[in-house]
$ cat structure_17.csv   # CSV, C-alpha atoms
chain,number,residue,atom,x,y,z
A,1,MET,CA,55.5,51.3,62.1
A,2,LYS,CA,54.8,47.5,62.0
A,3,ILE,CA,54.1,45.9,65.4
A,4,ASN,CA,54.5,42.2,65.9
A,5,SER,CA,53.0,40.4,68.9
A,6,CYS,CA,52.6,36.8,70.0
A,7,TYR,CA,50.0,35.1,72.2
A,8,LYS,CA,50.1,31.5,73.4
A,9,VAL,CA,47.0,29.3,73.3
A,10,LYS,CA,47.0,26.1,75.3
A,11,ILE,CA,45.9,22.9,73.6
A,12,GLN,CA,43.3,21.4,76.0
A,13,ASP,CA,43.3,17.8,74.9
A,14,ALA,CA,46.9,17.6,73.7
A,15,PRO,CA,47.9,14.0,72.6
A,16,LYS,CA,51.4,14.6,73.9
A,17,HIS,CA,53.0,11.6,72.2
A,18,GLU,CA,51.9,12.7,68.7
A,19,LEU,CA,52.8,16.3,69.3
A,20,GLU,CA,56.2,15.4,70.7
A,21,ALA,CA,56.9,13.1,67.7
A,22,THR,CA,55.9,16.0,65.3
A,23,SER,CA,58.3,18.4,67.0
A,24,GLU,CA,61.1,15.8,67.0
A,25,MET,CA,60.5,15.1,63.3
A,26,TYR,CA,60.7,18.8,62.4
A,27,GLN,CA,63.9,19.2,64.5
A,28,SER,CA,65.4,16.2,62.7
A,29,ALA,CA,64.6,17.8,59.3
A,30,LEU,CA,66.1,21.1,60.5
A,31,ARG,CA,69.3,19.3,61.6
A,32,PHE,CA,69.5,17.7,58.1
A,33,PHE,CA,69.2,21.1,56.4
A,34,LEU,CA,71.7,22.7,58.8
A,35,ASP,CA,74.3,20.0,57.8
A,36,VAL,CA,73.6,20.7,54.1
A,37,CYS,CA,74.0,24.5,54.6
A,38,LEU,CA,77.2,24.1,56.5
A,39,GLN,CA,78.7,21.8,54.0
A,40,ASP,CA,77.7,23.8,50.9
A,41,TRP,CA,77.6,27.3,52.3
A,42,ASP,CA,80.3,28.7,50.0
A,43,THR,CA,78.1,27.8,47.0
A,44,ILE,CA,74.8,28.7,48.6
A,45,SER,CA,76.0,32.1,49.9
A,46,SER,CA,77.4,33.1,46.5
A,47,ILE,CA,74.0,33.1,44.9
A,48,TYR,CA,71.9,36.3,44.7
A,49,ALA,CA,68.6,37.2,43.1
A,50,ASP,CA,69.0,38.7,39.6
A,51,PRO,CA,67.2,42.1,39.7
A,52,VAL,CA,66.2,41.7,36.0
A,53,THR,CA,65.3,38.0,35.5
A,54,GLN,CA,64.2,37.4,39.2
A,55,LYS,CA,62.6,40.7,39.9
A,56,GLY,CA,60.7,40.8,43.2
A,57,LEU,CA,62.5,37.7,44.6
A,58,SER,CA,64.7,38.0,47.7
A,59,ASP,CA,68.2,36.4,48.0
A,60,ASN,CA,66.8,34.1,50.6
A,61,THR,CA,64.0,32.9,48.3
A,62,ILE,CA,66.5,32.1,45.6
A,63,ARG,CA,68.7,30.3,48.2
A,64,GLN,CA,65.7,28.3,49.4
A,65,GLN,CA,65.2,27.1,45.8
A,66,ILE,CA,68.8,26.1,45.6
A,67,MET,CA,68.5,24.2,48.8
A,68,GLU,CA,65.5,22.4,47.5
A,69,ALA,CA,67.4,21.5,44.3
A,70,LEU,CA,70.1,20.1,46.5
A,71,THR,CA,67.8,18.0,48.7
A,72,HIS,CA,64.3,17.4,47.3
A,73,ARG,CA,63.6,14.7,44.7
A,74,THR,CA,61.3,15.6,41.8
A,75,LYS,CA,60.6,14.3,38.3
A,76,SER,CA,63.0,16.9,36.9
A,77,ASN,CA,65.4,16.4,39.7
A,78,PRO,CA,65.5,12.6,40.4
A,79,SER,CA,68.9,12.5,42.0
A,80,PRO,CA,69.6,15.4,44.4
A,81,LYS,CA,73.0,15.6,46.0
A,82,TYR,CA,71.4,15.1,49.4
A,83,ASP,CA,68.3,12.9,49.4
A,84,PHE,CA,66.0,14.4,52.0
A,85,ASP,CA,62.9,12.4,50.8
A,86,ARG,CA,64.5,9.0,51.4
A,87,GLN,CA,64.9,9.9,55.1
A,88,PHE,CA,61.7,12.0,55.5
A,89,TYR,CA,59.0,10.3,53.5
A,90,LYS,CA,56.0,12.5,52.6
A,91,PHE,CA,57.3,15.4,54.8
A,92,PRO,CA,54.9,18.3,54.3
A,93,SER,CA,56.2,20.8,51.7
A,94,TYR,CA,55.5,23.9,53.9
A,95,LEU,CA,57.3,22.4,56.9
A,96,ARG,CA,60.2,21.4,54.6
A,97,ARG,CA,60.5,25.0,53.3
A,98,SER,CA,60.1,26.4,56.8
A,99,ALA,CA,63.0,24.2,58.0
A,100,ILE,CA,65.1,25.3,55.0
A,101,MET,CA,64.6,29.0,55.7
A,102,GLU,CA,65.3,28.5,59.4
A,103,ALA,CA,68.5,26.6,58.6
A,104,LEU,CA,69.6,29.3,56.1
A,105,GLY,CA,69.1,32.1,58.8
A,106,MET,CA,70.9,30.2,61.5
A,107,VAL,CA,73.9,29.4,59.3
A,108,GLN,CA,74.1,32.9,57.9
A,109,SER,CA,74.1,34.3,61.4
A,110,TYR,CA,76.8,31.8,62.5
A,111,LYS,CA,79.0,32.7,59.5
A,112,SER,CA,78.6,36.4,60.1
A,113,ASN,CA,79.6,36.0,63.8
A,114,LEU,CA,82.5,33.7,62.8
A,115,ALA,CA,83.8,36.3,60.3
A,116,ASN,CA,83.6,39.1,63.0
A,117,TRP,CA,85.5,36.8,65.4
A,118,GLU,CA,88.2,36.1,62.8
A,119,ALA,CA,88.6,39.8,62.1
A,120,SER,CA,88.9,40.6,65.9
A,121,ASP,CA,91.6,40.0,68.4
A,122,ARG,CA,90.0,36.6,69.1
A,123,LYS,CA,89.9,37.1,72.9
A,124,LYS,CA,86.3,36.1,73.0
A,125,LYS,CA,85.2,32.5,72.5
A,126,LYS,CA,85.0,31.3,68.9
A,127,PRO,CA,81.3,31.1,67.8
A,128,LYS,CA,80.0,27.5,67.7
A,129,PRO,CA,78.1,26.0,64.7
A,130,PRO,CA,74.4,26.3,65.1
A,131,THR,CA,72.3,23.5,66.7
A,132,VAL,CA,68.6,22.7,66.5
A,133,GLY,CA,68.0,23.7,70.2
A,134,ARG,CA,64.4,24.4,70.9
A,135,SER,CA,63.1,25.0,67.4
A,136,PHE,CA,59.4,24.2,66.8
A,137,PRO,CA,57.3,23.8,63.6
A,138,SER,CA,55.2,26.6,62.1
A,139,MET,CA,51.7,25.4,61.2
A,140,TYR,CA,51.0,27.1,57.9
A,141,ARG,CA,47.4,27.8,57.2
A,142,GLY,CA,45.7,25.4,54.8
A,143,ASN,CA,48.7,23.1,54.5
A,144,CYS,CA,49.3,22.3,58.2
A,145,TYR,CA,46.6,24.2,60.1
A,146,VAL,CA,42.8,24.6,59.6
A,147,ARG,CA,40.4,26.3,61.9
A,148,VAL,CA,37.2,24.2,62.4
A,149,ASN,CA,35.3,26.6,64.6
A,150,GLU,CA,36.0,29.2,67.3
A,151,ASN,CA,37.9,26.9,69.7
A,152,THR,CA,38.7,23.8,67.5
A,153,VAL,CA,41.5,23.4,64.9
A,154,ARG,CA,43.0,20.7,62.8
A,155,ILE,CA,46.8,20.5,62.7
A,156,LYS,CA,49.0,18.2,60.6
A,157,VAL,CA,51.1,15.9,62.8
A,158,TRP,CA,53.3,12.8,62.7
A,159,ILE,CA,51.0,10.1,63.8
A,160,ARG,CA,51.1,6.3,63.3
A,161,ASN,CA,54.2,6.6,61.2
A,162,THR,CA,52.7,9.1,58.7
A,163,TRP,CA,51.6,12.7,58.4
A,164,ASN,CA,47.9,13.1,59.1
A,165,TRP,CA,45.3,15.6,60.4
A,166,LEU,CA,44.6,15.8,64.2
A,167,THR,CA,41.7,17.7,65.6
A,168,VAL,CA,42.4,19.5,68.9
A,169,THR,CA,40.6,21.9,71.2
A,170,LEU,CA,42.0,25.3,72.3
A,171,ARG,CA,41.6,26.8,75.8
A,172,GLU,CA,38.7,29.3,75.8
A,173,LYS,CA,40.4,31.6,78.3
A,174,ASP,CA,43.3,32.2,75.9
A,175,LEU,CA,41.0,32.7,72.9
A,176,SER,CA,38.8,35.2,74.7
A,177,TYR,CA,41.9,37.3,75.6
A,178,ILE,CA,43.0,37.3,71.9
A,179,ARG,CA,39.5,38.3,70.8
A,180,GLU,CA,39.6,41.2,73.2
A,181,HIS,CA,43.0,42.5,72.3
A,182,CYS,CA,43.7,41.5,68.7
A,183,ILE,CA,40.4,42.2,67.0
A,184,ASN,CA,42.1,44.7,64.6
A,185,ARG,CA,45.3,42.8,64.0
A,186,LYS,CA,46.2,40.4,61.2
A,187,GLU,CA,46.7,36.9,62.4
A,188,GLY,CA,49.7,35.0,61.2
A,189,CYS,CA,50.6,31.3,61.2
A,190,PRO,CA,50.7,29.6,64.6
A,191,THR,CA,53.7,27.7,65.9
A,192,LEU,CA,53.4,24.4,67.8
A,193,ARG,CA,55.4,24.7,71.0
A,194,ARG,CA,55.9,22.8,74.2
A,195,ARG,CA,56.3,24.6,77.6
A,196,GLY,CA,57.0,22.2,80.4
A,197,LYS,CA,54.5,19.3,80.0
A,198,ASN,CA,51.9,21.4,78.1
A,199,TRP,CA,51.6,22.1,74.4
A,200,PHE,CA,50.5,25.4,72.9
A,201,LEU,CA,49.8,27.1,69.6
A,202,ASP,CA,51.6,30.4,69.6
A,203,PHE,CA,49.7,32.9,67.4
A,204,THR,CA,51.5,35.9,65.8
A,205,PHE,CA,49.7,39.1,65.1
A,206,VAL,CA,50.7,42.1,63.0
A,207,GLU,CA,49.3,45.6,63.2
A,208,ARG,CA,50.4,48.9,61.8
A,209,ALA,CA,50.6,52.2,63.7
A,210,LYS,CA,51.1,55.6,62.2
A,211,LEU,CA,53.9,57.6,63.9
A,212,ASP,CA,53.6,61.4,64.2
A,213,ASP,CA,55.7,63.7,62.1
A,214,THR,CA,58.3,64.6,64.7
A,215,PRO,CA,61.8,64.8,63.1
A,216,LEU,CA,63.9,61.8,63.9
A,217,ARG,CA,66.5,63.9,65.7
A,218,ASP,CA,63.9,65.1,68.2
A,219,ARG,CA,62.5,61.7,69.0
A,220,ILE,CA,63.4,59.4,71.9
A,221,VAL,CA,64.1,55.8,71.0
A,222,LEU,CA,63.7,53.1,73.6
A,223,GLY,CA,65.4,49.7,73.1
A,224,VAL,CA,64.6,46.8,75.4
A,225,ASP,CA,66.9,43.7,75.4
A,226,LEU,CA,64.9,40.6,76.6
$ encode --input "structure_17.csv" --output "structure tokens"
Amino acid sequence: MKINSCYKVKIQDAPKHELEATSEMYQSALRFFLDVCLQDWDTISSIYADPVTQKGLSDNTIRQQIMEALTHRTKSNPSPKYDFDRQFYKFPSYLRRSAIMEALGMVQSYKSNLANWEASDRKKKKPKPPTVGRSFPSMYRGNCYVRVNENTVRIKVWIRNTWNWLTVTLREKDLSYIREHCINRKEGCPTLRRRGKNWFLDFTFVERAKLDDTPLRDRIVLGVDL
């Protein structure tokens, strides 16, 4: 069994204006990709990974590549249908792909709910198209996040009208809790998130636990809806 957990770590000396601007820039990018997904969903959703020529790639990975072809300008793709780069100059590639994958997931969920609603008696409210809401950027290691030492990290943020590195200090109390409880877990990429007036890095951790050999029919399954 794979167990995922998340722990928040407060940024002590958070430059709130820069972090807010970074979050808003990511949300604007996500809004851009949501619009593209909704407009071209029939084309995007009809594309699947070929099990022979694209072995090992998921459908979502292939659709991400299609989205990049539709939106990202390159030497071999100088005139994409939707020019993301003109509006989001030097936007970090990992954040761009993160926003694309999030947009794909949100639109796929919306389209599925919409199809279920259309097939029902339609007594419930019609699902609404997805909105950005409270989405926050993932800080991918190396590209957007570098650990300097135990309680100091560098994150890539939107500062002075460009993307640059910012060094911040993390709260020792939160870090000591993680060291105590997550020593044997694999650390994932943190997410930059605001709670109230404070900013945090939410760290994800993954661990694997071996279940016993009790037959499935003899097990008790507990589901908790948060």
$ closest_residue --input "structure_17.csv" --among "A:Met1, A:Leu192, A:Ile178, A:Leu201" --to "Arg134 of chain A" --atoms "only C-alpha atoms"
A:Leu192
$ residues_around --input "structure_17.csv" --residues "Thr71 of chain A" --least-positions-apart "4" --cutoff "6 Å" --atoms "all atoms listed in the file" --output "PyMOL selection string"
chain A and resi 80+82-84
$ write_last_selection --input "structure_17.csv" --atoms "C-alpha atoms" --output "PDB file, in the frame of the given file"
ATOM      1  CA  PRO A  80      69.600  15.400  44.400  1.00  0.00           C
ATOM      2  CA  TYR A  82      71.400  15.100  49.400  1.00  0.00           C
ATOM      3  CA  ASP A  83      68.300  12.900  49.400  1.00  0.00           C
ATOM      4  CA  PHE A  84      66.000  14.400  52.000  1.00  0.00           C
TER       5      PHE A  84
END
$ residues_around --input "structure_17.csv" --residues "segment 195-199 of chain A" --least-positions-apart "2" --cutoff "7 Å" --atoms "only C-alpha atoms" --output "number ranges by chain"
A: 10-11, 14, 193
$ atom_distance --input "structure_17.csv" --atom1 "atom CA of Pro15 of chain A" --atom2 "atom CA of Phe200 of chain A"
11.7 Å
$ residues_around --input "structure_17.csv" --residues "Ser58 of chain A" --least-positions-apart "5" --cutoff "10 Å" --atoms "only C-alpha atoms" --output "list in words"
Tyr48, Ala49, Asp50, Pro51, Arg63 and Gln64 of chain A
$ closest_residue --input "structure_17.csv" --among "A:Phe33, A:Val132, A:Asn164, A:Ala115" --to "Ala99 of chain A" --atoms "only C-alpha atoms"
A:Phe33
$ residues_around --input "structure_17.csv" --residues "segment 16-21 of chain A" --least-positions-apart "3" --cutoff "7 Å" --atoms "all atoms listed in the file" --output "list in words"
Glu24, Met25, Val157, Trp158 and Ile159 of chain A
$ atom_distance --input "structure_17.csv" --atom1 "atom CA of Asn113 of chain A" --atom2 "atom CA of Lys128 of chain A"
9.4 Å
$ atom_distance --input "structure_17.csv" --atom1 "atom CA of Asn143 of chain A" --atom2 "atom CA of Gln108 of chain A"
27.4 Å
$ build_atoms --input "structure_17.csv" --residues "segment 143-169 of chain A" --atoms "N, CA, C and O atoms" --output "PDB file, in the coordinates of the input"
ATOM      1  N   ASN A 143      47.834  24.224  54.731  1.00  0.00           N
ATOM      2  CA  ASN A 143      48.700  23.100  54.500  1.00  0.00           C
ATOM      3  C   ASN A 143      48.919  22.287  55.809  1.00  0.00           C
ATOM      4  O   ASN A 143      48.987  21.056  55.776  1.00  0.00           O
ATOM      5  N   CYS A 144      49.019  22.989  56.934  1.00  0.00           N
ATOM      6  CA  CYS A 144      49.300  22.300  58.200  1.00  0.00           C
ATOM      7  C   CYS A 144      48.330  22.728  59.323  1.00  0.00           C
ATOM      8  O   CYS A 144      48.405  22.185  60.427  1.00  0.00           O
ATOM      9  N   TYR A 145      47.466  23.697  59.050  1.00  0.00           N
ATOM     10  CA  TYR A 145      46.600  24.200  60.100  1.00  0.00           C
ATOM     11  C   TYR A 145      45.264  24.682  59.466  1.00  0.00           C
ATOM     12  O   TYR A 145      45.263  25.430  58.491  1.00  0.00           O
ATOM     13  N   VAL A 146      44.145  24.200  60.029  1.00  0.00           N
ATOM     14  CA  VAL A 146      42.800  24.600  59.600  1.00  0.00           C
ATOM     15  C   VAL A 146      41.950  24.850  60.793  1.00  0.00           C
ATOM     16  O   VAL A 146      41.898  24.014  61.711  1.00  0.00           O
ATOM     17  N   ARG A 147      41.280  25.998  60.823  1.00  0.00           N
ATOM     18  CA  ARG A 147      40.400  26.300  61.900  1.00  0.00           C
ATOM     19  C   ARG A 147      39.005  25.672  61.619  1.00  0.00           C
ATOM     20  O   ARG A 147      38.406  25.976  60.583  1.00  0.00           O
ATOM     21  N   VAL A 148      38.514  24.834  62.520  1.00  0.00           N
ATOM     22  CA  VAL A 148      37.200  24.200  62.400  1.00  0.00           C
ATOM     23  C   VAL A 148      36.108  25.104  62.851  1.00  0.00           C
ATOM     24  O   VAL A 148      35.107  25.322  62.168  1.00  0.00           O
ATOM     25  N   ASN A 149      36.269  25.621  64.053  1.00  0.00           N
ATOM     26  CA  ASN A 149      35.300  26.600  64.600  1.00  0.00           C
ATOM     27  C   ASN A 149      36.116  27.481  65.585  1.00  0.00           C
ATOM     28  O   ASN A 149      37.356  27.479  65.580  1.00  0.00           O
ATOM     29  N   GLU A 150      35.398  28.202  66.436  1.00  0.00           N
ATOM     30  CA  GLU A 150      36.000  29.200  67.300  1.00  0.00           C
ATOM     31  C   GLU A 150      37.154  28.603  68.173  1.00  0.00           C
ATOM     32  O   GLU A 150      38.207  29.195  68.337  1.00  0.00           O
ATOM     33  N   ASN A 151      36.939  27.413  68.744  1.00  0.00           N
ATOM     34  CA  ASN A 151      37.900  26.900  69.700  1.00  0.00           C
ATOM     35  C   ASN A 151      38.431  25.458  69.261  1.00  0.00           C
ATOM     36  O   ASN A 151      39.012  24.743  70.074  1.00  0.00           O
ATOM     37  N   THR A 152      38.204  25.088  68.006  1.00  0.00           N
ATOM     38  CA  THR A 152      38.700  23.800  67.500  1.00  0.00           C
ATOM     39  C   THR A 152      39.456  23.979  66.220  1.00  0.00           C
ATOM     40  O   THR A 152      39.005  24.696  65.322  1.00  0.00           O
ATOM     41  N   VAL A 153      40.618  23.340  66.143  1.00  0.00           N
ATOM     42  CA  VAL A 153      41.500  23.400  64.900  1.00  0.00           C
ATOM     43  C   VAL A 153      41.957  22.060  64.567  1.00  0.00           C
ATOM     44  O   VAL A 153      41.966  21.127  65.389  1.00  0.00           O
ATOM     45  N   ARG A 154      42.387  21.954  63.328  1.00  0.00           N
ATOM     46  CA  ARG A 154      43.000  20.700  62.800  1.00  0.00           C
ATOM     47  C   ARG A 154      44.479  21.081  62.494  1.00  0.00           C
ATOM     48  O   ARG A 154      44.731  22.080  61.820  1.00  0.00           O
ATOM     49  N   ILE A 155      45.407  20.265  62.958  1.00  0.00           N
ATOM     50  CA  ILE A 155      46.800  20.500  62.700  1.00  0.00           C
ATOM     51  C   ILE A 155      47.403  19.181  62.084  1.00  0.00           C
ATOM     52  O   ILE A 155      46.947  18.084  62.419  1.00  0.00           O
ATOM     53  N   LYS A 156      48.380  19.332  61.202  1.00  0.00           N
ATOM     54  CA  LYS A 156      49.000  18.200  60.600  1.00  0.00           C
ATOM     55  C   LYS A 156      50.162  17.706  61.478  1.00  0.00           C
ATOM     56  O   LYS A 156      51.063  18.495  61.786  1.00  0.00           O
ATOM     57  N   VAL A 157      50.127  16.443  61.900  1.00  0.00           N
ATOM     58  CA  VAL A 157      51.100  15.900  62.800  1.00  0.00           C
ATOM     59  C   VAL A 157      51.648  14.563  62.347  1.00  0.00           C
ATOM     60  O   VAL A 157      51.046  13.920  61.471  1.00  0.00           O
ATOM     61  N   TRP A 158      52.752  14.141  62.935  1.00  0.00           N
ATOM     62  CA  TRP A 158      53.300  12.800  62.700  1.00  0.00           C
ATOM     63  C   TRP A 158      52.645  11.826  63.577  1.00  0.00           C
ATOM     64  O   TRP A 158      52.857  11.826  64.790  1.00  0.00           O
ATOM     65  N   ILE A 159      51.767  10.988  63.023  1.00  0.00           N
ATOM     66  CA  ILE A 159      51.000  10.100  63.800  1.00  0.00           C
ATOM     67  C   ILE A 159      50.870   8.726  63.133  1.00  0.00           C
ATOM     68  O   ILE A 159      50.616   8.673  61.927  1.00  0.00           O
ATOM     69  N   ARG A 160      51.147   7.660  63.868  1.00  0.00           N
ATOM     70  CA  ARG A 160      51.100   6.300  63.300  1.00  0.00           C
ATOM     71  C   ARG A 160      52.018   6.177  62.083  1.00  0.00           C
ATOM     72  O   ARG A 160      51.622   5.631  61.041  1.00  0.00           O
ATOM     73  N   ASN A 161      53.208   6.745  62.195  1.00  0.00           N
ATOM     74  CA  ASN A 161      54.200   6.600  61.200  1.00  0.00           C
ATOM     75  C   ASN A 161      53.861   7.291  59.821  1.00  0.00           C
ATOM     76  O   ASN A 161      54.348   6.892  58.764  1.00  0.00           O
ATOM     77  N   THR A 162      53.001   8.287  59.879  1.00  0.00           N
ATOM     78  CA  THR A 162      52.700   9.100  58.700  1.00  0.00           C
ATOM     79  C   THR A 162      52.205  10.445  59.089  1.00  0.00           C
ATOM     80  O   THR A 162      51.988  10.712  60.265  1.00  0.00           O
ATOM     81  N   TRP A 163      52.058  11.329  58.118  1.00  0.00           N
ATOM     82  CA  TRP A 163      51.600  12.700  58.400  1.00  0.00           C
ATOM     83  C   TRP A 163      50.060  12.692  58.183  1.00  0.00           C
ATOM     84  O   TRP A 163      49.572  12.319  57.119  1.00  0.00           O
ATOM     85  N   ASN A 164      49.334  13.118  59.205  1.00  0.00           N
ATOM     86  CA  ASN A 164      47.900  13.100  59.100  1.00  0.00           C
ATOM     87  C   ASN A 164      47.313  14.270  59.922  1.00  0.00           C
ATOM     88  O   ASN A 164      48.014  14.890  60.728  1.00  0.00           O
ATOM     89  N   TRP A 165      46.016  14.540  59.728  1.00  0.00           N
ATOM     90  CA  TRP A 165      45.300  15.600  60.400  1.00  0.00           C
ATOM     91  C   TRP A 165      44.881  15.159  61.816  1.00  0.00           C
ATOM     92  O   TRP A 165      44.422  14.042  61.978  1.00  0.00           O
ATOM     93  N   LEU A 166      45.035  16.069  62.781  1.00  0.00           N
ATOM     94  CA  LEU A 166      44.600  15.800  64.200  1.00  0.00           C
ATOM     95  C   LEU A 166      43.751  16.985  64.614  1.00  0.00           C
ATOM     96  O   LEU A 166      44.146  18.141  64.478  1.00  0.00           O
ATOM     97  N   THR A 167      42.565  16.691  65.148  1.00  0.00           N
ATOM     98  CA  THR A 167      41.700  17.700  65.600  1.00  0.00           C
ATOM     99  C   THR A 167      41.910  17.956  67.140  1.00  0.00           C
ATOM    100  O   THR A 167      41.911  16.993  67.918  1.00  0.00           O
ATOM    101  N   VAL A 168      42.140  19.218  67.531  1.00  0.00           N
ATOM    102  CA  VAL A 168      42.400  19.500  68.900  1.00  0.00           C
ATOM    103  C   VAL A 168      41.551  20.732  69.354  1.00  0.00           C
ATOM    104  O   VAL A 168      41.099  21.521  68.520  1.00  0.00           O
ATOM    105  N   THR A 169      41.348  20.849  70.680  1.00  0.00           N
ATOM    106  CA  THR A 169      40.600  21.900  71.200  1.00  0.00           C
ATOM    107  C   THR A 169      41.467  22.933  71.942  1.00  0.00           C
ATOM    108  O   THR A 169      42.400  22.536  72.647  1.00  0.00           O
TER     109      THR A 169
END
